[in-house]
file query36.txt (compact mmCIF, C-alpha atoms)
# COMPACT_ATOMS: atom_id res chain seq x y z
CA MET A 6 24.01 -12.38 10.24
CA VAL A 7 21.98 -9.84 12.16
CA ASP A 8 23.79 -8.12 14.97
CA LEU A 9 22.35 -7.70 18.43
CA VAL A 10 21.90 -4.65 20.60
CA LYS A 11 24.62 -5.85 22.99
CA ASP A 12 27.14 -5.87 20.11
CA ILE A 13 26.86 -2.15 19.44
CA MET A 14 25.55 -0.61 22.70
CA THR A 15 27.59 1.64 24.98
CA SER A 16 28.08 -0.16 28.28
CA LYS A 17 29.00 2.90 30.30
CA VAL A 18 25.80 4.67 31.31
CA ILE A 19 25.76 7.73 33.54
CA THR A 20 22.84 7.78 35.96
CA CYS A 21 21.21 10.05 38.51
CA ASP A 22 18.67 9.53 41.28
CA VAL A 23 14.99 10.50 41.04
CA LYS A 24 15.52 12.82 44.01
CA ASP A 25 18.48 14.71 42.52
CA SER A 26 17.79 18.32 41.57
CA VAL A 27 17.57 19.16 37.87
CA GLN A 28 20.51 21.52 38.38
CA ASP A 29 22.70 18.66 39.62
CA ALA A 30 21.56 16.52 36.69
CA ALA A 31 22.49 19.31 34.24
CA LYS A 32 25.92 19.61 35.87
CA LYS A 33 26.47 15.88 35.52
CA MET A 34 25.56 16.03 31.81
CA ARG A 35 27.88 18.98 31.27
CA ASP A 36 30.81 17.41 33.13
CA ASN A 37 30.46 14.10 31.27
CA PHE A 38 29.82 15.66 27.83
CA ILE A 39 26.53 13.80 27.41
CA SER A 40 22.98 14.80 26.56
CA CYS A 41 21.00 12.45 28.81
CA LEU A 42 21.05 10.59 32.12
CA LEU A 43 19.29 7.40 33.10
CA VAL A 44 17.20 7.96 36.23
CA ILE A 45 17.38 5.41 39.03
CA ARG A 46 14.99 4.71 41.91
CA ASN A 47 16.06 2.04 44.44
CA LYS A 48 18.69 0.66 42.04
CA SER A 49 16.16 0.24 39.21
CA PRO A 50 16.11 2.37 36.04
CA VAL A 51 12.74 4.18 35.95
CA GLY A 52 13.17 7.08 33.54
CA ILE A 53 15.44 9.19 31.37
CA ILE A 54 16.20 12.91 31.44
CA THR A 55 17.53 14.72 28.36
CA GLU A 56 18.65 18.25 27.55
CA ARG A 57 15.35 18.62 25.72
CA ASP A 58 13.33 17.64 28.82
CA ILE A 59 15.21 20.33 30.76
CA VAL A 60 14.44 23.05 28.20
CA TYR A 61 10.83 22.06 27.44
CA ARG A 62 9.70 21.15 30.96
CA LEU A 63 11.77 23.40 33.21
CA VAL A 64 13.26 26.43 31.46
CA SER A 65 10.15 27.16 29.37
CA LYS A 66 8.06 27.11 32.57
CA ASN A 67 10.44 29.26 34.61
CA LEU A 68 10.88 26.55 37.26
CA GLU A 69 13.85 26.72 39.62
CA SER A 70 16.46 24.13 38.69
CA GLY A 71 17.80 23.85 42.25
CA LYS A 72 14.37 22.99 43.66
CA VAL A 73 12.76 20.83 40.97
CA LYS A 74 13.57 17.12 41.24
CA VAL A 75 14.57 14.97 38.30
CA LYS A 76 11.46 12.80 38.80
CA ASP A 77 9.24 15.83 38.11
CA ILE A 78 10.48 16.36 34.54
CA MET A 79 11.97 13.01 33.47
CA SER A 80 10.44 10.93 30.67
CA SER A 81 8.82 7.87 32.18
CA PRO A 82 7.86 5.03 31.83
CA LEU A 83 11.02 4.00 30.08
CA LYS A 84 11.09 2.47 26.61
CA SER A 85 13.87 -0.10 26.62
CA VAL A 86 15.35 -3.04 24.73
CA ALA A 87 16.90 -6.30 25.86
CA PRO A 88 20.61 -6.98 25.11
CA GLU A 89 19.67 -9.92 22.83
CA GLU A 90 17.24 -7.89 20.73
CA ASN A 91 18.36 -7.31 17.12
CA VAL A 92 19.45 -3.86 15.99
CA TYR A 93 16.66 -3.49 13.41
CA TYR A 94 14.08 -3.88 16.16
CA ALA A 95 15.84 -1.20 18.21
CA SER A 96 15.86 1.09 15.19
CA ARG A 97 12.13 0.61 14.55
CA LEU A 98 11.35 1.23 18.23
CA MET A 99 13.22 4.56 18.11
CA ILE A 100 11.50 5.66 14.92
CA SER A 101 7.98 4.71 16.04
CA ASN A 102 8.42 6.42 19.42
CA HIS A 103 10.34 9.46 18.10
CA ILE A 104 13.20 8.87 20.50
CA LYS A 105 16.97 8.83 19.96
CA LYS A 106 18.17 6.83 22.97
CA LEU A 107 17.16 3.45 24.31
CA PRO A 108 18.42 1.99 27.59
CA VAL A 109 19.35 -1.67 27.40
CA ILE A 110 17.60 -3.45 30.26
CA LYS A 111 16.97 -7.07 31.22
CA HIS A 112 15.20 -8.24 34.38
CA GLY A 113 15.29 -4.68 35.71
CA ARG A 114 19.06 -4.48 35.38
CA LEU A 115 20.73 -1.75 33.29
CA PHE A 116 23.27 -3.12 30.79
CA GLY A 117 23.93 -0.12 28.59
CA ILE A 118 22.45 2.41 26.21
CA ILE A 119 22.00 2.47 22.46
CA THR A 120 21.65 5.76 20.57
CA GLN A 121 20.57 6.85 17.12
CA THR A 122 24.23 7.66 16.41
CA ASP A 123 25.26 4.07 17.29
CA LEU A 124 22.66 2.79 14.83
CA THR A 125 23.62 5.24 12.07
CA ASN A 126 27.25 4.16 12.37
CA TYR A 127 26.26 0.50 12.40
CA PHE A 128 24.13 0.79 9.26
CA ALA A 129 26.88 2.75 7.50
CA SER A 130 29.36 -0.07 8.13
CA GLN A 131 26.76 -2.68 7.04
CA ARG A 132 26.28 -0.79 3.78
CA LYS A 133 30.00 -0.72 3.23
CA ASP A 134 30.32 -4.48 3.81
CA PHE A 135 27.43 -5.10 1.42
CA ILE A 136 28.91 -2.91 -1.29
CA PHE A 137 32.35 -4.49 -1.06
CA GLU A 138 30.91 -8.00 -1.10
CA ASN A 139 28.81 -7.27 -4.18
CA LEU A 140 31.62 -5.44 -5.91
CA ARG A 141 33.66 -8.62 -5.67
CA LYS A 142 30.75 -10.59 -7.15
CA SER A 143 30.36 -8.17 -10.04
CA ILE A 144 34.04 -8.35 -10.75
CA LYS A 145 33.96 -12.15 -10.68
CA ALA A 146 30.93 -12.17 -12.98
CA ALA A 147 32.77 -9.96 -15.41
CA TYR A 148 35.67 -12.41 -15.68
CA PRO A 149 35.98 -13.45 -19.32
CA VAL A 150 35.83 -17.06 -20.56
CA MET B 174 18.33 22.77 4.24
CA SER B 175 15.27 23.23 6.41
CA LYS B 176 13.32 26.47 6.17
CA ASN B 177 11.82 25.90 9.60
CA VAL B 178 14.21 28.17 11.48
CA LYS B 179 13.14 30.45 14.31
CA THR B 180 14.77 33.56 15.72
CA ALA B 181 14.75 35.57 18.94
CA ASP B 182 16.28 38.93 19.79
CA GLY B 183 19.46 39.02 21.86
CA ASP B 184 17.67 41.00 24.57
CA GLU B 185 14.94 38.39 25.05
CA SER B 186 15.14 36.19 28.14
CA ILE B 187 16.22 32.57 28.10
CA TYR B 188 12.72 31.78 29.38
CA SER B 189 11.27 33.25 26.21
CA VAL B 190 13.79 31.47 23.94
CA ALA B 191 12.90 28.13 25.59
CA GLY B 192 9.24 28.90 24.83
CA VAL B 193 10.10 29.34 21.13
CA MET B 194 11.90 25.96 21.12
CA LYS B 195 9.06 24.15 22.84
CA LYS B 196 6.29 25.72 20.76
CA ASN B 197 8.02 24.82 17.48
CA ASN B 198 9.44 21.51 18.67
CA ILE B 199 12.98 22.52 17.69
CA SER B 200 16.38 22.33 19.37
CA THR B 201 17.99 25.51 18.04
CA VAL B 202 17.09 29.21 17.90
CA ILE B 203 19.06 31.83 15.95
CA ILE B 204 19.67 35.02 17.92
CA THR B 205 19.38 38.37 16.14
CA ARG B 206 20.39 41.97 16.74
CA GLY B 207 18.18 44.30 14.75
CA ASN B 208 17.44 42.01 11.84
CA SER B 209 20.91 40.48 11.64
CA PRO B 210 21.64 36.96 12.88
CA VAL B 211 24.49 37.20 15.41
CA GLY B 212 24.43 33.98 17.45
CA ILE B 213 22.87 30.60 18.11
CA ILE B 214 21.35 28.91 21.18
CA THR B 215 20.82 25.16 21.43
CA GLU B 216 19.19 22.93 24.03
CA ARG B 217 22.71 22.05 25.12
CA ASP B 218 23.62 25.71 25.72
CA MET B 219 20.53 26.04 27.92
CA ALA B 220 21.21 22.89 29.95
CA GLN B 221 24.93 23.58 30.37
CA LYS B 222 25.26 27.34 30.61
CA VAL B 223 21.97 28.24 32.31
CA VAL B 224 20.50 25.32 34.25
CA ALA B 225 23.76 23.72 35.42
CA ALA B 226 24.97 27.19 36.46
CA GLY B 227 21.71 27.87 38.30
CA LEU B 228 20.99 31.14 36.47
CA ASP B 229 17.57 32.80 36.67
CA VAL B 230 15.97 32.09 33.28
CA LYS B 231 13.90 35.27 33.28
CA LYS B 232 16.86 37.50 34.14
CA THR B 233 19.35 35.88 31.78
CA SER B 234 19.30 37.24 28.23
CA ALA B 235 19.81 35.30 25.03
CA LYS B 236 22.95 37.25 24.14
CA GLN B 237 24.62 36.21 27.43
CA VAL B 238 24.21 32.55 26.55
CA MET B 239 24.43 32.38 22.75
CA SER B 240 27.41 31.00 20.88
CA SER B 241 28.86 33.77 18.75
CA PRO B 242 30.19 34.70 16.20
CA LEU B 243 27.98 32.69 13.92
CA GLN B 244 29.44 30.33 11.32
CA THR B 245 27.11 30.61 8.32
CA ILE B 246 26.71 29.30 4.78
CA THR B 247 24.66 30.44 1.77
CA PRO B 248 22.04 28.51 -0.23
CA GLU B 249 24.71 27.99 -2.92
CA THR B 250 27.26 26.45 -0.56
CA ASN B 251 28.40 22.99 -1.63
CA VAL B 252 27.12 20.20 0.69
CA TYR B 253 30.61 18.70 0.98
CA TYR B 254 31.98 22.04 2.11
CA ALA B 255 29.18 22.38 4.70
CA HIS B 256 30.03 18.89 5.93
CA SER B 257 33.74 19.66 6.28
CA LEU B 258 32.92 22.89 8.11
CA MET B 259 30.81 20.95 10.63
CA GLN B 260 33.57 18.41 11.14
CA LYS B 261 36.31 20.98 11.51
CA GLU B 262 34.46 23.34 13.86
CA HIS B 263 32.42 20.66 15.69
CA PHE B 264 29.11 22.33 14.80
CA LYS B 265 25.99 20.28 14.20
CA LYS B 266 23.94 23.12 12.71
CA LEU B 267 24.75 25.82 10.18
CA PRO B 268 22.40 28.75 9.56
CA VAL B 269 21.90 29.65 5.90
CA LEU B 270 21.99 33.36 4.95
CA ASP B 271 21.16 34.77 1.52
CA GLY B 272 23.29 37.36 -0.32
CA LYS B 273 21.75 40.17 1.73
CA GLY B 274 22.53 38.52 5.06
CA LYS B 275 18.92 37.47 5.61
CA LEU B 276 18.30 34.16 7.41
CA VAL B 277 16.62 31.72 5.02
CA GLY B 278 17.17 28.31 6.60
CA ILE B 279 19.33 25.93 8.60
CA VAL B 280 21.33 22.81 7.71
CA THR B 281 21.85 20.14 10.37
CA GLN B 282 24.26 17.24 10.63
CA THR B 283 21.24 14.94 10.16
CA ASP B 284 20.34 16.70 6.88
CA VAL B 285 23.88 16.23 5.58
CA SER B 286 24.05 12.62 6.72
CA ASN B 287 20.69 11.78 5.05
CA TYR B 288 21.86 13.45 1.84
CA PHE B 289 25.02 11.34 1.69
CA THR B 290 23.06 8.17 2.46
CA GLN B 291 20.69 8.89 -0.42
CA LYS B 292 23.53 9.74 -2.84
CA ARG B 293 25.42 6.58 -1.91
CA LYS B 294 22.32 4.48 -2.44
CA GLU B 295 21.71 5.96 -5.90
CA PHE B 296 25.30 5.32 -6.86
CA VAL B 297 25.29 1.73 -5.66
CA MET B 298 21.92 0.91 -7.23
CA SER B 299 23.09 2.12 -10.61
CA ALA B 300 26.19 -0.09 -10.35
CA LEU B 301 24.47 -3.24 -9.08
CA ALA B 302 22.80 -6.08 -10.94
CA LYS B 303 19.03 -6.36 -10.45
CA GLY B 304 19.17 -9.40 -8.18
CA GLN B 305 21.55 -7.67 -5.81
CA ARG B 306 19.50 -4.49 -5.42
CA GLU B 307 16.83 -6.04 -3.18
CA GLN B 308 19.49 -6.97 -0.64
CA TYR B 309 20.68 -3.42 -0.08
CA PRO B 310 20.63 -2.71 3.68
CA VAL B 311 18.68 0.15 5.25
call {"tool": "encode", "arguments": {"input": "query36.txt", "output": "structure tokens"}}
result
Amino acid sequence: MVDLVKDIMTSKVITCDVKDSVQDAAKKMRDNFISCLLVIRNKSPVGIITERDIVYRLVSKNLESGKVKVKDIMSSPLKSVAPEENVYYASRLMISNHIKKLPVIKHGRLFGIITQTDLTNYFASQRKDFIFENLRKSIKAAYPV
Amino acid sequence: MSKNVKTADGDESIYSVAGVMKKNNISTVIITRGNSPVGIITERDMAQKVVAAGLDVKKTSAKQVMSSPLQTITPETNVYYAHSLMQKEHFKKLPVLDGKGKLVGIVTQTDVSNYFTQKRKEFVMSALAKGQREQYPV
């Protein structure tokens, strides 16, 4: 059985508004111990802002974090997956786009987020299940008579 | 370990360190004093300690922001030990110094995780029957 994105995603997503300052976004990341925020415009997810975006697009250009808006440095348009998509598809999408986080969206509504760490943990547990299953088979096959 | 590791002097500005990260497409820069590695700055340090705090990136120096002292390993360090060090200290990157204290590389949590995945796969493949091998998950 192949698991779906909704089975392993994180439902709690922290968001910010396109008009928030980058400084406020950075504070929100710091206070919530996270490395990205989903960016919302009129209740719809439109982009994502990560620690990397802040360093590459703001700090390295000497822009003022209190004045620059999130919409000016966020990554957009958003790559996303539907909750019913399978986890292998999500994994391929991350690899081919060189991204580590995918928002889970359906009909413009935000359901959660799935990260590279979620996928790594999922595959590790799949491997373990596979190994244990096949170990049993090997042991059965080795039964004499 | 990866040999693609970049350094900046402790007196350089955060603006300049961010330039090094962007130019090399990396998330971590090792901070030096003289030629000795003394600290580390990550994207997270920049976002949390500089941008969230509203500091001026040209007037803030690397040494004000870096995490220090540096936890290091050598090229001969056992991978399992490096892994336990990361777990215990909650580090995701460990700079690698040679016997003379010279920076020669960096080991990340991803490197360690990929190594274990590969080792596990080799072990399982050697123990499995041929028909079972094709079913091994990612």
call {"tool": "residues_around", "arguments": {"input": "query36.txt", "residues": "Gly113 of chain A", "least_positions_apart": "4", "cutoff": "9 Å", "atoms": "only C-alpha atoms", "output": "NGL selection string"}}
result
:A and (48-50)
call {"tool": "atom_distance", "arguments": {"input": "query36.txt", "atom1": "atom CA of Asn197 of chain B", "atom2": "atom CA of Val230 of chain B"}}
result
19.1 Å
call {"tool": "atom_distance", "arguments": {"input": "query36.txt", "atom1": "atom CA of Asn251 of chain B", "atom2": "atom CA of Asp284 of chain B"}}
result
13.3 Å
call {"tool": "interface_residues", "arguments": {"input": "query36.txt", "of": "chain A", "to": "chain B", "cutoff": "10 Å", "atoms": "all atoms listed in the file", "output": "ChimeraX atom specification"}}
result
/A:27-36,38-40,55-71,93,125,128-129,131-136,139-140,142-143
call {"tool": "atom_distance", "arguments": {"input": "query36.txt", "atom1": "atom CA of His263 of chain B", "atom2": "atom CA of Pro248 of chain B"}}
result
20.6 Å
call {"tool": "decode", "arguments": {"input": "query36.txt", "residues": "segment 59-84 of chain A", "atoms": "N, CA and C atoms", "output": "PDB file, in the first residue's frame"}}
result
ATOM      1  N   ILE A  59      15.747  34.789   2.913  1.00  0.00           N
ATOM      2  CA  ILE A  59      16.114  35.987   3.676  1.00  0.00           C
ATOM      3  C   ILE A  59      17.592  36.312   3.506  1.00  0.00           C
ATOM      4  N   VAL A  60      18.442  35.291   3.567  1.00  0.00           N
ATOM      5  CA  VAL A  60      19.889  35.526   3.439  1.00  0.00           C
ATOM      6  C   VAL A  60      20.255  35.909   2.004  1.00  0.00           C
ATOM      7  N   TYR A  61      19.764  35.127   1.033  1.00  0.00           N
ATOM      8  CA  TYR A  61      20.164  35.335  -0.363  1.00  0.00           C
ATOM      9  C   TYR A  61      19.557  36.605  -0.970  1.00  0.00           C
ATOM     10  N   ARG A  62      18.329  36.930  -0.590  1.00  0.00           N
ATOM     11  CA  ARG A  62      17.631  38.026  -1.287  1.00  0.00           C
ATOM     12  C   ARG A  62      17.507  39.313  -0.484  1.00  0.00           C
ATOM     13  N   LEU A  63      17.881  39.263   0.805  1.00  0.00           N
ATOM     14  CA  LEU A  63      17.784  40.485   1.606  1.00  0.00           C
ATOM     15  C   LEU A  63      19.134  40.844   2.201  1.00  0.00           C
ATOM     16  N   VAL A  64      19.689  39.939   3.024  1.00  0.00           N
ATOM     17  CA  VAL A  64      20.956  40.247   3.702  1.00  0.00           C
ATOM     18  C   VAL A  64      22.080  40.480   2.692  1.00  0.00           C
ATOM     19  N   SER A  65      22.174  39.619   1.671  1.00  0.00           N
ATOM     20  CA  SER A  65      23.280  39.744   0.716  1.00  0.00           C
ATOM     21  C   SER A  65      23.145  40.982  -0.169  1.00  0.00           C
ATOM     22  N   LYS A  66      21.978  41.644  -0.109  1.00  0.00           N
ATOM     23  CA  LYS A  66      21.783  42.865  -0.899  1.00  0.00           C
ATOM     24  C   LYS A  66      21.717  44.105  -0.024  1.00  0.00           C
ATOM     25  N   ASN A  67      21.957  43.898   1.273  1.00  0.00           N
ATOM     26  CA  ASN A  67      21.926  45.014   2.224  1.00  0.00           C
ATOM     27  C   ASN A  67      20.589  45.756   2.217  1.00  0.00           C
ATOM     28  N   LEU A  68      19.488  45.009   2.112  1.00  0.00           N
ATOM     29  CA  LEU A  68      18.167  45.644   2.169  1.00  0.00           C
ATOM     30  C   LEU A  68      17.724  45.717   3.629  1.00  0.00           C
ATOM     31  N   GLU A  69      16.866  46.688   3.929  1.00  0.00           N
ATOM     32  CA  GLU A  69      16.435  46.878   5.315  1.00  0.00           C
ATOM     33  C   GLU A  69      15.241  45.981   5.649  1.00  0.00           C
ATOM     34  N   SER A  70      15.432  45.105   6.631  1.00  0.00           N
ATOM     35  CA  SER A  70      14.422  44.085   6.920  1.00  0.00           C
ATOM     36  C   SER A  70      13.108  44.667   7.432  1.00  0.00           C
ATOM     37  N   GLY A  71      13.161  45.872   8.033  1.00  0.00           N
ATOM     38  CA  GLY A  71      11.939  46.486   8.538  1.00  0.00           C
ATOM     39  C   GLY A  71      11.108  47.110   7.418  1.00  0.00           C
ATOM     40  N   LYS A  72      11.753  47.380   6.280  1.00  0.00           N
ATOM     41  CA  LYS A  72      11.046  48.083   5.194  1.00  0.00           C
ATOM     42  C   LYS A  72      10.636  47.163   4.049  1.00  0.00           C
ATOM     43  N   VAL A  73      11.441  46.109   3.825  1.00  0.00           N
ATOM     44  CA  VAL A  73      11.131  45.204   2.713  1.00  0.00           C
ATOM     45  C   VAL A  73       9.958  44.308   3.104  1.00  0.00           C
ATOM     46  N   LYS A  74       9.029  44.124   2.168  1.00  0.00           N
ATOM     47  CA  LYS A  74       7.859  43.274   2.430  1.00  0.00           C
ATOM     48  C   LYS A  74       8.167  41.827   2.044  1.00  0.00           C
ATOM     49  N   VAL A  75       7.467  40.934   2.686  1.00  0.00           N
ATOM     50  CA  VAL A  75       7.629  39.506   2.400  1.00  0.00           C
ATOM     51  C   VAL A  75       7.426  39.217   0.909  1.00  0.00           C
ATOM     52  N   LYS A  76       6.440  39.872   0.297  1.00  0.00           N
ATOM     53  CA  LYS A  76       6.150  39.597  -1.125  1.00  0.00           C
ATOM     54  C   LYS A  76       7.334  39.925  -2.038  1.00  0.00           C
ATOM     55  N   ASP A  77       8.232  40.810  -1.585  1.00  0.00           N
ATOM     56  CA  ASP A  77       9.365  41.194  -2.431  1.00  0.00           C
ATOM     57  C   ASP A  77      10.462  40.126  -2.494  1.00  0.00           C
ATOM     58  N   ILE A  78      10.527  39.243  -1.503  1.00  0.00           N
ATOM     59  CA  ILE A  78      11.605  38.242  -1.527  1.00  0.00           C
ATOM     60  C   ILE A  78      11.099  36.800  -1.441  1.00  0.00           C
ATOM     61  N   MET A  79       9.778  36.614  -1.344  1.00  0.00           N
ATOM     62  CA  MET A  79       9.262  35.243  -1.217  1.00  0.00           C
ATOM     63  C   MET A  79       9.478  34.459  -2.517  1.00  0.00           C
ATOM     64  N   SER A  80       9.422  33.129  -2.415  1.00  0.00           N
ATOM     65  CA  SER A  80       9.461  32.286  -3.606  1.00  0.00           C
ATOM     66  C   SER A  80       8.033  32.062  -4.069  1.00  0.00           C
ATOM     67  N   SER A  81       7.764  32.431  -5.311  1.00  0.00           N
ATOM     68  CA  SER A  81       6.425  32.351  -5.866  1.00  0.00           C
ATOM     69  C   SER A  81       6.551  32.255  -7.389  1.00  0.00           C
ATOM     70  N   PRO A  82       5.688  31.584  -8.113  1.00  0.00           N
ATOM     71  CA  PRO A  82       4.518  30.838  -7.651  1.00  0.00           C
ATOM     72  C   PRO A  82       4.918  29.617  -6.814  1.00  0.00           C
ATOM     73  N   LEU A  83       3.940  29.135  -6.107  1.00  0.00           N
ATOM     74  CA  LEU A  83       4.134  28.054  -5.161  1.00  0.00           C
ATOM     75  C   LEU A  83       4.043  26.702  -5.855  1.00  0.00           C
ATOM     76  N   LYS A  84       5.009  25.831  -5.565  1.00  0.00           N
ATOM     77  CA  LYS A  84       4.871  24.425  -5.955  1.00  0.00           C
ATOM     78  C   LYS A  84       4.112  23.754  -4.822  1.00  0.00           C
TER      79      LYS A  84
END
